[in-house]
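Structure file entry37.tsv (TSV, C-alpha atoms) follows.
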chain	number	residue	atom	x	y	z
R	1	MET	CA	-11.76	5.03	-6.84
R	2	LEU	CA	-15.13	6.60	-7.60
R	3	HIS	CA	-18.05	6.16	-9.95
R	4	SER	CA	-17.09	6.34	-13.59
R	5	THR	CA	-19.59	9.06	-14.48
R	6	VAL	CA	-19.17	11.18	-11.34
R	7	PHE	CA	-16.45	13.78	-11.27
R	8	HIS	CA	-15.44	15.85	-8.28
R	9	ARG	CA	-17.21	19.10	-7.56
R	10	GLY	CA	-15.91	21.75	-5.24
R	11	GLU	CA	-17.61	22.46	-1.94
R	12	HIS	CA	-17.29	25.32	0.53
R	13	VAL	CA	-15.35	24.12	3.57
R	14	ASP	CA	-15.79	25.79	6.97
R	15	HIS	CA	-13.05	26.56	9.50
R	16	GLN	CA	-13.84	23.56	11.68
R	17	ASN	CA	-13.24	21.23	8.73
R	18	LEU	CA	-9.79	22.62	7.94
R	19	LEU	CA	-6.41	22.11	9.52
R	20	PRO	CA	-4.62	25.31	10.60
R	21	PHE	CA	-2.53	27.04	7.95
R	22	ALA	CA	1.01	25.67	7.78
R	23	ALA	CA	3.79	27.56	6.02
R	24	GLY	CA	5.48	24.40	4.77
R	25	CYS	CA	4.58	22.59	1.55
R	26	PRO	CA	2.38	19.54	2.31
R	27	PHE	CA	4.57	17.45	0.03
R	28	CYS	CA	8.16	18.45	0.80
R	29	GLY	CA	7.91	20.83	3.77
R	30	SER	CA	9.63	23.77	2.07
R	31	GLU	CA	8.40	27.25	2.98
R	32	ARG	CA	9.38	28.58	-0.46
R	33	ARG	CA	5.81	28.84	-1.68
R	34	LYS	CA	4.06	31.26	-4.02
R	35	THR	CA	0.35	32.11	-3.99
R	36	LEU	CA	-1.21	31.61	-7.41
R	37	LEU	CA	-4.96	32.14	-7.03
R	38	ASN	CA	-7.88	31.96	-4.62
R	39	LEU	CA	-9.85	28.75	-4.27
R	40	GLN	CA	-12.31	29.92	-1.61
R	41	MET	CA	-13.22	32.94	0.50
R	42	ASP	CA	-14.30	33.00	4.18
R	43	PRO	CA	-12.27	31.17	5.19
R	44	GLN	CA	-9.74	32.02	2.54
R	45	ILE	CA	-8.02	29.12	0.82
R	46	GLU	CA	-5.41	29.74	-1.86
R	47	LEU	CA	-3.63	27.54	-4.36
R	48	MET	CA	0.09	27.77	-3.66
R	49	ARG	CA	3.04	26.47	-5.67
R	50	CYS	CA	6.10	25.14	-3.90
R	51	GLU	CA	9.22	26.57	-5.52
R	52	SER	CA	11.25	23.59	-4.29
R	53	CYS	CA	9.25	20.55	-5.43
R	54	PHE	CA	6.75	22.34	-7.77
R	55	CYS	CA	3.71	20.70	-6.19
R	56	CYS	CA	0.72	23.04	-6.15
R	57	SER	CA	-1.44	22.62	-3.06
R	58	ALA	CA	-4.32	24.22	-1.21
R	59	SER	CA	-3.09	26.56	1.51
R	60	ARG	CA	-5.26	24.79	4.08
R	61	ILE	CA	-5.75	21.05	4.23
R	62	PRO	CA	-9.18	19.51	4.96
R	63	THR	CA	-9.53	17.34	8.05
R	64	ASP	CA	-9.90	13.57	7.80
R	65	ALA	CA	-13.52	13.89	8.95
R	66	CYS	CA	-14.23	16.41	6.19
R	67	LEU	CA	-12.75	14.13	3.54
R	68	SER	CA	-14.59	11.06	4.83
R	69	LYS	CA	-17.90	12.90	4.56
R	70	TYR	CA	-17.05	14.25	1.12
R	71	TYR	CA	-16.08	10.89	-0.36
R	72	ALA	CA	-18.97	8.98	1.22
R	73	LYS	CA	-21.23	10.57	-1.38
R	74	TYR	CA	-19.41	8.79	-4.20
R	75	TYR	CA	-20.27	5.34	-2.87
R	76	GLU	CA	-23.96	5.86	-2.26
R	77	ASP	CA	-25.34	5.05	-5.69
R	78	LEU	CA	-23.99	2.84	-8.47
R	79	ALA	CA	-27.01	3.27	-10.71
R	80	THR	CA	-25.29	5.72	-13.09
R	81	SER	CA	-21.86	4.13	-13.13
R	82	GLN	CA	-20.33	2.51	-16.20
R	83	ASP	CA	-21.34	-1.18	-16.15
R	84	GLY	CA	-21.75	-0.86	-12.38
R	85	ARG	CA	-18.03	-0.20	-11.94
R	86	ARG	CA	-16.50	2.12	-9.39
R	87	VAL	CA	-13.79	3.80	-11.45
R	88	THR	CA	-12.78	7.34	-12.42
R	89	ASN	CA	-12.37	7.03	-16.16
R	90	HIS	CA	-15.10	6.88	-18.81
R	91	ASP	CA	-12.78	5.04	-21.21
R	92	LEU	CA	-11.60	2.32	-18.86
R	93	THR	CA	-10.66	-0.10	-21.64
R	94	GLY	CA	-8.67	2.62	-23.41
R	95	LEU	CA	-6.69	3.46	-20.27
R	96	ALA	CA	-6.01	-0.23	-19.57
R	97	THR	CA	-4.73	-0.72	-23.12
R	98	HIS	CA	-2.63	2.43	-22.75
R	99	ILE	CA	-0.93	1.13	-19.57
R	100	PHE	CA	-0.50	-2.35	-21.05
R	101	GLU	CA	1.22	-0.98	-24.16
R	102	MET	CA	3.40	1.31	-22.05
R	103	PHE	CA	4.96	-1.50	-20.03
R	104	PHE	CA	4.25	-4.94	-21.51
R	105	SER	CA	5.79	-5.79	-24.85
R	106	ALA	CA	5.61	-9.46	-25.84
R	107	GLN	CA	9.19	-9.93	-24.63
R	108	ARG	CA	8.60	-8.31	-21.25
R	109	ALA	CA	5.23	-9.97	-20.66
R	110	GLY	CA	6.64	-13.38	-21.51
R	111	ARG	CA	8.32	-13.70	-18.11
R	112	PHE	CA	4.94	-14.18	-16.41
R	113	THR	CA	3.92	-17.84	-16.32
R	114	MET	CA	2.19	-20.35	-14.06
R	115	GLN	CA	5.34	-20.39	-11.92
R	116	ARG	CA	5.82	-16.61	-12.06
R	117	PRO	CA	2.39	-14.95	-12.01
R	118	LEU	CA	1.95	-11.27	-12.75
R	119	SER	CA	1.26	-9.22	-9.60
R	120	ILE	CA	-0.56	-5.87	-9.80
R	121	LEU	CA	-1.36	-3.42	-7.00
R	122	ASP	CA	-4.13	-0.92	-7.78
R	123	PHE	CA	-3.92	1.84	-5.16
R	124	GLY	CA	-7.17	3.79	-4.82
R	125	GLY	CA	-8.48	1.49	-7.55
R	126	GLY	CA	-12.15	1.40	-6.57
R	127	ASP	CA	-13.35	-2.08	-7.48
R	128	GLY	CA	-10.12	-2.98	-9.27
R	129	SER	CA	-11.55	-2.79	-12.78
R	130	LEU	CA	-8.53	-1.00	-14.26
R	131	ALA	CA	-5.99	-3.48	-12.89
R	132	LEU	CA	-8.16	-6.41	-13.96
R	133	GLU	CA	-8.36	-5.05	-17.50
R	134	VAL	CA	-4.56	-4.69	-17.62
R	135	ALA	CA	-4.13	-8.25	-16.31
R	136	HIS	CA	-6.51	-9.57	-18.99
R	137	ARG	CA	-4.38	-8.01	-21.70
R	138	VAL	CA	-1.13	-9.47	-20.38
R	139	LEU	CA	-2.63	-12.95	-20.06
R	140	ALA	CA	-4.16	-12.72	-23.53
R	141	LEU	CA	-0.67	-12.07	-24.87
R	142	VAL	CA	1.38	-14.68	-23.01
R	143	GLY	CA	-0.97	-16.82	-20.88
R	144	GLY	CA	0.00	-17.57	-17.30
R	145	TYR	CA	-1.64	-16.25	-14.14
R	146	ALA	CA	-2.16	-12.91	-12.42
R	147	ALA	CA	-2.83	-11.72	-8.87
R	148	VAL	CA	-4.57	-8.35	-8.47
R	149	THR	CA	-4.50	-6.51	-5.14
R	150	VAL	CA	-6.78	-3.51	-4.63
R	151	ILE	CA	-6.26	-0.86	-1.95
R	152	ASP	CA	-9.40	1.20	-1.46
R	153	PHE	CA	-12.02	2.21	1.12
R	154	ASN	CA	-14.57	0.76	-1.27
R	155	SER	CA	-15.50	-2.69	0.03
R	156	VAL	CA	-16.49	-4.09	-3.38
R	157	VAL	CA	-14.03	-5.76	-5.73
R	158	ARG	CA	-15.29	-6.51	-9.22
R	159	GLU	CA	-16.18	-10.15	-9.68
R	160	ILE	CA	-14.03	-11.89	-12.24
R	161	ALA	CA	-14.88	-15.15	-13.98
R	162	ASP	CA	-11.36	-15.84	-15.26
R	163	PRO	CA	-9.81	-18.54	-13.02
R	164	ARG	CA	-6.33	-17.37	-14.03
R	165	ILE	CA	-6.81	-14.10	-12.11
R	166	SER	CA	-7.05	-13.96	-8.33
R	167	THR	CA	-8.12	-10.82	-6.44
R	168	CYS	CA	-7.84	-9.50	-2.91
R	169	ARG	CA	-8.60	-6.18	-1.26
R	170	TYR	CA	-7.15	-4.22	1.66
R	171	PRO	CA	-8.47	-0.93	3.08
R	172	ASP	CA	-5.03	0.72	3.23
R	173	LEU	CA	-1.37	0.16	2.48
R	174	GLY	CA	-0.61	-0.58	6.13
R	175	SER	CA	-2.74	-3.72	5.88
R	176	LEU	CA	-0.60	-5.29	3.15
R	177	PRO	CA	1.39	-8.38	4.15
R	178	ALA	CA	4.98	-7.42	4.95
R	179	GLY	CA	7.57	-7.86	2.24
R	180	GLY	CA	5.19	-8.02	-0.71
R	181	LYS	CA	6.42	-6.74	-4.07
R	182	PHE	CA	4.46	-6.01	-7.25
R	183	ASP	CA	5.29	-6.09	-10.95
R	184	LEU	CA	3.00	-3.14	-11.56
R	185	VAL	CA	1.79	-0.51	-9.09
R	186	ILE	CA	-0.99	1.76	-10.33
R	187	ALA	CA	-1.91	5.07	-8.67
R	188	SER	CA	-4.37	6.57	-11.14
R	189	SER	CA	-6.14	9.77	-10.04
R	190	VAL	CA	-5.58	9.24	-6.33
R	191	LEU	CA	-2.45	11.00	-5.01
R	192	GLU	CA	-4.01	14.44	-5.46
R	193	HIS	CA	-6.68	13.53	-2.90
R	194	LEU	CA	-4.25	12.71	-0.08
R	195	PRO	CA	-3.54	15.54	2.38
R	196	PHE	CA	0.16	14.65	2.70
R	197	PRO	CA	0.99	12.37	-0.24
R	198	ARG	CA	4.78	11.99	-0.08
R	199	PRO	CA	4.97	9.08	2.42
R	200	THR	CA	2.36	7.18	0.40
R	201	LEU	CA	4.14	7.83	-2.89
R	202	GLU	CA	7.47	6.69	-1.47
R	203	LEU	CA	5.86	3.56	-0.04
R	204	LEU	CA	4.25	2.75	-3.39
R	205	LEU	CA	7.63	3.01	-5.10
R	206	SER	CA	9.26	0.85	-2.43
R	207	ILE	CA	6.96	-2.11	-3.16
R	208	VAL	CA	7.68	-2.17	-6.90
R	209	SER	CA	9.59	-5.35	-7.65
R	210	PRO	CA	12.98	-5.28	-9.44
R	211	ASP	CA	12.28	-4.69	-13.14
R	212	GLY	CA	8.69	-3.77	-12.18
R	213	HIS	CA	6.78	-0.61	-13.06
R	214	PHE	CA	4.92	2.26	-11.41
R	215	TYR	CA	2.20	4.30	-13.13
R	216	ALA	CA	0.58	7.50	-11.84
R	217	ARG	CA	-1.96	9.92	-13.26
R	218	THR	CA	-2.63	13.29	-11.59
R	219	PRO	CA	-4.33	16.58	-12.41
R	220	TYR	CA	-2.28	19.38	-13.96
R	221	VAL	CA	-4.88	22.15	-14.18
R	222	GLN	CA	-3.16	25.06	-12.44
R	223	PRO	CA	-2.02	26.75	-15.70
R	224	VAL	CA	-5.57	26.56	-17.06
R	225	LEU	CA	-7.03	27.96	-13.83
R	226	SER	CA	-4.49	30.79	-13.71
R	227	ALA	CA	-5.12	31.73	-17.35
R	228	ALA	CA	-8.86	31.76	-16.75
R	229	ALA	CA	-8.43	33.90	-13.62
R	230	ALA	CA	-6.39	36.42	-15.63
R	231	LEU	CA	-9.39	36.70	-17.96
R	232	GLY	CA	-11.78	37.19	-15.06
R	233	LYS	CA	-13.15	33.67	-15.26
R	234	SER	CA	-13.38	31.06	-12.54
R	235	ILE	CA	-12.93	27.29	-12.99
R	236	ASP	CA	-13.70	24.84	-10.21
R	237	PHE	CA	-10.52	23.29	-8.75
R	238	THR	CA	-12.86	20.82	-6.98
R	239	PHE	CA	-11.45	21.41	-3.50
R	240	PRO	CA	-11.65	19.52	-1.13
R	241	GLY	CA	-11.73	16.63	-3.62
R	242	HIS	CA	-8.50	17.80	-5.24
R	243	ILE	CA	-5.98	19.11	-2.74
R	244	HIS	CA	-2.91	19.07	-4.98
R	245	ASP	CA	-2.00	19.75	-8.61
R	246	MET	CA	0.95	17.63	-9.72
R	247	GLY	CA	2.20	18.35	-13.22
R	248	GLN	CA	5.29	17.91	-15.38
R	249	ALA	CA	7.72	19.96	-13.28
R	250	PHE	CA	6.66	18.22	-10.07
R	251	TRP	CA	6.97	14.69	-11.42
R	252	GLU	CA	10.24	15.16	-13.27
R	253	GLN	CA	11.81	16.90	-10.27
R	254	PHE	CA	10.68	14.19	-7.85
R	255	LEU	CA	11.58	11.24	-10.07
R	256	SER	CA	15.01	12.65	-10.85
R	257	GLY	CA	15.87	11.85	-7.24
R	258	GLN	CA	14.71	8.23	-7.47
R	259	LYS	CA	17.98	6.71	-8.68
R	260	GLU	CA	16.70	3.13	-8.64
R	261	PHE	CA	14.05	4.01	-11.25
R	262	ASN	CA	14.22	4.91	-14.94
R	263	LEU	CA	11.60	7.26	-16.36
R	264	VAL	CA	9.63	5.53	-19.12
R	265	VAL	CA	7.07	8.24	-19.89
R	266	SER	CA	6.24	11.74	-18.67
R	267	ARG	CA	3.50	13.34	-20.73
R	268	PRO	CA	-0.08	14.66	-20.73
R	269	SER	CA	-2.52	12.02	-19.55
R	270	LEU	CA	-5.23	10.55	-21.75
R	271	VAL	CA	-8.57	12.32	-21.99
R	272	GLU	CA	-10.69	10.65	-19.32
R	273	THR	CA	-14.13	11.37	-20.78
R	274	LYS	CA	-15.90	9.98	-23.82
R	275	LEU	CA	-17.35	12.06	-26.64
R	276	SER	CA	-20.66	10.20	-26.40
R	277	LEU	CA	-21.03	10.90	-22.67
R	278	ASN	CA	-19.55	14.38	-22.31
R	279	PRO	CA	-18.90	15.95	-25.74
R	280	ILE	CA	-18.00	19.49	-24.65
R	281	ARG	CA	-15.54	18.42	-21.97
R	282	THR	CA	-14.01	15.77	-24.24
R	283	ILE	CA	-13.49	18.13	-27.21
R	284	ALA	CA	-12.02	20.81	-24.95
R	285	ALA	CA	-9.62	18.32	-23.36
R	286	HIS	CA	-8.35	17.06	-26.72
R	287	ALA	CA	-7.91	20.65	-27.95
R	288	LEU	CA	-5.89	21.62	-24.87
R	289	LYS	CA	-3.57	18.62	-25.09
R	290	ALA	CA	-3.00	18.78	-28.86
R	291	PRO	CA	-0.27	21.49	-28.92
R	292	TRP	CA	1.94	19.49	-26.53
R	293	HIS	CA	1.92	16.58	-28.96
R	294	LEU	CA	1.98	18.55	-32.22
R	295	LEU	CA	4.40	21.41	-31.65
R	296	ALA	CA	7.94	20.10	-31.81
R	297	GLY	CA	10.15	21.65	-29.13
R	298	VAL	CA	7.59	24.26	-28.09
R	299	GLY	CA	5.08	21.54	-27.29
R	300	ARG	CA	7.14	20.23	-24.38
R	301	ARG	CA	6.66	23.60	-22.69
R	302	TRP	CA	2.90	23.79	-23.34
R	303	PRO	CA	1.32	23.67	-19.86
R	304	PHE	CA	-2.41	23.76	-20.65
R	305	VAL	CA	-2.96	20.01	-20.70
R	306	GLY	CA	-5.26	19.36	-17.72
R	307	GLY	CA	-3.59	16.17	-16.49
R	308	TRP	CA	-0.24	14.40	-16.36
R	309	GLU	CA	0.96	10.81	-16.34
R	310	VAL	CA	4.27	9.18	-15.52
R	311	GLY	CA	5.56	5.64	-15.85
R	312	VAL	CA	8.82	4.39	-14.37
R	313	ARG	CA	10.71	1.08	-14.30
R	314	ARG	CA	12.70	-0.15	-11.34
R	315	VAL	CA	16.24	-0.92	-12.41
R	316	ARG	CA	17.61	-2.01	-9.04
R	317	ALA	CA	16.42	-2.72	-5.52
R	318	ILE	CA	16.86	-0.22	-2.71

Target encoding structure tokens, full file:
Amino acid sequence: MLHSTVFHRGEHVDHQNLLPFAAGCPFCGSERRKTLLNLQMDPQIELMRCESCFCCSASRIPTDACLSKYYAKYYEDLATSQDGRRVTNHDLTGLATHIFEMFFSAQRAGRFTMQRPLSILDFGGGDGSLALEVAHRVLALVGGYAAVTVIDFNSVVREIADPRISTCRYPDLGSLPAGGKFDLVIASSVLEHLPFPRPTLELLLSIVSPDGHFYARTPYVQPVLSAAAALGKSIDFTFPGHIHDMGQAFWEQFLSGQKEFNLVVSRPSLVETKLSLNPIRTIAAHALKAPWHLLAGVGRRWPFVGGWEVGVRRVRAI
């Protein structure tokens, strides 16, 4: 969605750029919410956890005008981006390989041919680089064709020389042709930016084709922020860039209600930085995630992982 070497930074948001406080959770509407920590003073904004759906959200939501101004900065200059790409991950090839291996074994990928091309929707995908990299890997395995659709405010879609891959772009989900279904829907590092993400998430799941897959990656930093606050330290939540924190409990609670989908993976997300570009952040991220993977039993309850990913497969149509 954004430049590969630019990460969100928090900004002070004034009253006029905030919606009024609402008691209900921005995701599920429940008023069973608990205040966890302060994100900003004057006006005060707190990070609150919903005790019904476990989504952590800012207590006040930025206006659309505020968000448009905030995100405009990320499209002003491509000079420092990775290979000129507008993406959020330093290791784009690693993430593409990760998604490919998660969903496309030789047997599963073999169903895509000239008559049955692979269809991928990359929601909030910037210039579509991630989806294009995944498509390349599937075609390298089994041949055939692929169609990549990108949904993003960014008007640029990465040029692709491979004639087997077609691309198109729409500014929002409402612009998609009616009735379209996709073999893979990607929502990587995007849902946390939406003021009220549930309708979008449900729509993304609804356009996954039978036997297709959905992949999402979201921040899960609240435990780290709360631990730091207990020690008198402050870590930037990057509000208004990040509005929500959506970790293991949120995803597993929400997906348990999606009976037409089977959970494929629910685990800490990959480290999004590279050692060569950001050594301190990269080492710290690997160190935080390691106990979840290494400590049998206890590891599944280790919350200090920084980010979460889920992958699901549709087993039947709605």

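Of the listed residues (R:Pro117, R:Phe182, R:Gly126, R:Thr282), R:Gly126 comes nearest to Ser155 (chain R); the distances count only C-alpha atoms.
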
Counting all atoms listed in the file, what are the residues of region 53-77 of chain R within 12 Å of region 187-210 of chain R, and for each of them which pair of atoms is the nearest and at what distance in Å, to one decimal? Sort the table by chain and rising number, as a tab-separated table.
residue	atom	partner	partner_atom	distance
R:Cys53	CA	R:Arg198	CA	11.0
R:Cys55	CA	R:Glu192	CA	10.0
R:Cys56	CA	R:Glu192	CA	9.8
R:Ser57	CA	R:Glu192	CA	8.9
R:Ala58	CA	R:Pro195	CA	9.4
R:Ser59	CA	R:Pro195	CA	11.1
R:Arg60	CA	R:Pro195	CA	9.6
R:Ile61	CA	R:Pro195	CA	6.2
R:Pro62	CA	R:Pro195	CA	7.4
R:Thr63	CA	R:Pro195	CA	8.4
R:Asp64	CA	R:Pro195	CA	8.6
R:Cys66	CA	R:Pro195	CA	11.4
R:Leu67	CA	R:His193	CA	8.9
R:Ser68	CA	R:His193	CA	11.3
R:Tyr70	CA	R:His193	CA	11.1
R:Tyr71	CA	R:His193	CA	10.1

Exercise: residues within 10 Å of coordinate (-2.7, -6.5, -17.2), counting all atoms listed in the file, as a ChimeraX atom specification: /R:96-97,99-101,103-104,109,118-120,130-141,146-148,184

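A straight line drawn from CA of Asn38 (chain R) to CA of Ala229 (chain R) is 9.2 Å long.
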
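Take CA of Pro26 (chain R) and CA of Gln248 (chain R): the distance between them is 18.0 Å.
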
Which neighbours of Gly10 (chain R) fall inside 8 Å, counting only C-alpha atoms, when residues of the same chain fewer than 6 positions from it are skipped, and could you give them as number ranges by chain? R: 236-241

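With all atoms listed in the file as the atoms that count, the minimum distance from Arg267 (chain R) to the choices R:Val224, R:Ile160, R:Ala249, R:Cys25 is reached by R:Ala249.
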
Which polymer residues, protein or nucleic acid, are no farther than 9 Å from (-3.1, 19.9, -17.3), counting all atoms listed in the file, as an MDAnalysis selection string? chainID R and resid 218:224 245:248 268:269 288:289 303:308

Atoms to include: C-alpha atoms. Write the selected residues as a PDB file, keeping the file's coordinate frame.
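Written output follows (out_30.pdb):
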ATOM      1  CA  THR R 218      -2.630  13.290 -11.590  1.00  0.00           C
ATOM      2  CA  PRO R 219      -4.330  16.580 -12.410  1.00  0.00           C
ATOM      3  CA  TYR R 220      -2.280  19.380 -13.960  1.00  0.00           C
ATOM      4  CA  VAL R 221      -4.880  22.150 -14.180  1.00  0.00           C
ATOM      5  CA  GLN R 222      -3.160  25.060 -12.440  1.00  0.00           C
ATOM      6  CA  PRO R 223      -2.020  26.750 -15.700  1.00  0.00           C
ATOM      7  CA  VAL R 224      -5.570  26.560 -17.060  1.00  0.00           C
ATOM      8  CA  ASP R 245      -2.000  19.750  -8.610  1.00  0.00           C
ATOM      9  CA  MET R 246       0.950  17.630  -9.720  1.00  0.00           C
ATOM     10  CA  GLY R 247       2.200  18.350 -13.220  1.00  0.00           C
ATOM     11  CA  GLN R 248       5.290  17.910 -15.380  1.00  0.00           C
ATOM     12  CA  PRO R 268      -0.080  14.660 -20.730  1.00  0.00           C
ATOM     13  CA  SER R 269      -2.520  12.020 -19.550  1.00  0.00           C
ATOM     14  CA  LEU R 288      -5.890  21.620 -24.870  1.00  0.00           C
ATOM     15  CA  LYS R 289      -3.570  18.620 -25.090  1.00  0.00           C
ATOM     16  CA  PRO R 303       1.320  23.670 -19.860  1.00  0.00           C
ATOM     17  CA  PHE R 304      -2.410  23.760 -20.650  1.00  0.00           C
ATOM     18  CA  VAL R 305      -2.960  20.010 -20.700  1.00  0.00           C
ATOM     19  CA  GLY R 306      -5.260  19.360 -17.720  1.00  0.00           C
ATOM     20  CA  GLY R 307      -3.590  16.170 -16.490  1.00  0.00           C
ATOM     21  CA  TRP R 308      -0.240  14.400 -16.360  1.00  0.00           C
TER      22      TRP R 308
END

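Compared by their closest atoms to Val264 (chain R), and using all atoms listed in the file, the residues R:Gly212, R:Gly232, R:Gly125, R:Gly311 rank with R:Gly311 nearest.
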
Distance query region 256-259 of chain R at most 10 Å, all atoms listed in the file, self and fewer than 2 positions along chain excluded, as a PyMOL selection string: chain R and resi 202+205+251-254+261-263+312+314-316+318

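CA of Ile283 (chain R) to CA of Ser234 (chain R) spans 19.6 Å [interatomic distance, one decimal].
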
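Across R:Arg313, R:Lys233, R:His242, R:His12, the tightest approach to Leu47 (chain R) is made by R:His242 when counting only C-alpha atoms.
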
In terms of only C-alpha atoms, the residue from R:Ala287, R:Phe123, R:Phe214, R:Leu18 at minimal distance from Met102 (chain R) is R:Phe214

Pick the closest to Asp122 (chain R) from R:Gln44, R:Thr93, R:Thr167, R:Gln107: which is it, counting only C-alpha atoms? R:Thr167

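Taking all atoms listed in the file, the non-local environment of Glu31 (chain R) within 10 Å (same-chain residues fewer than 4 positions away omitted) comprises Ala22, Ala23, Gly24, Cys25, Pro26, Cys50, Glu51 and Ser52 of chain R.
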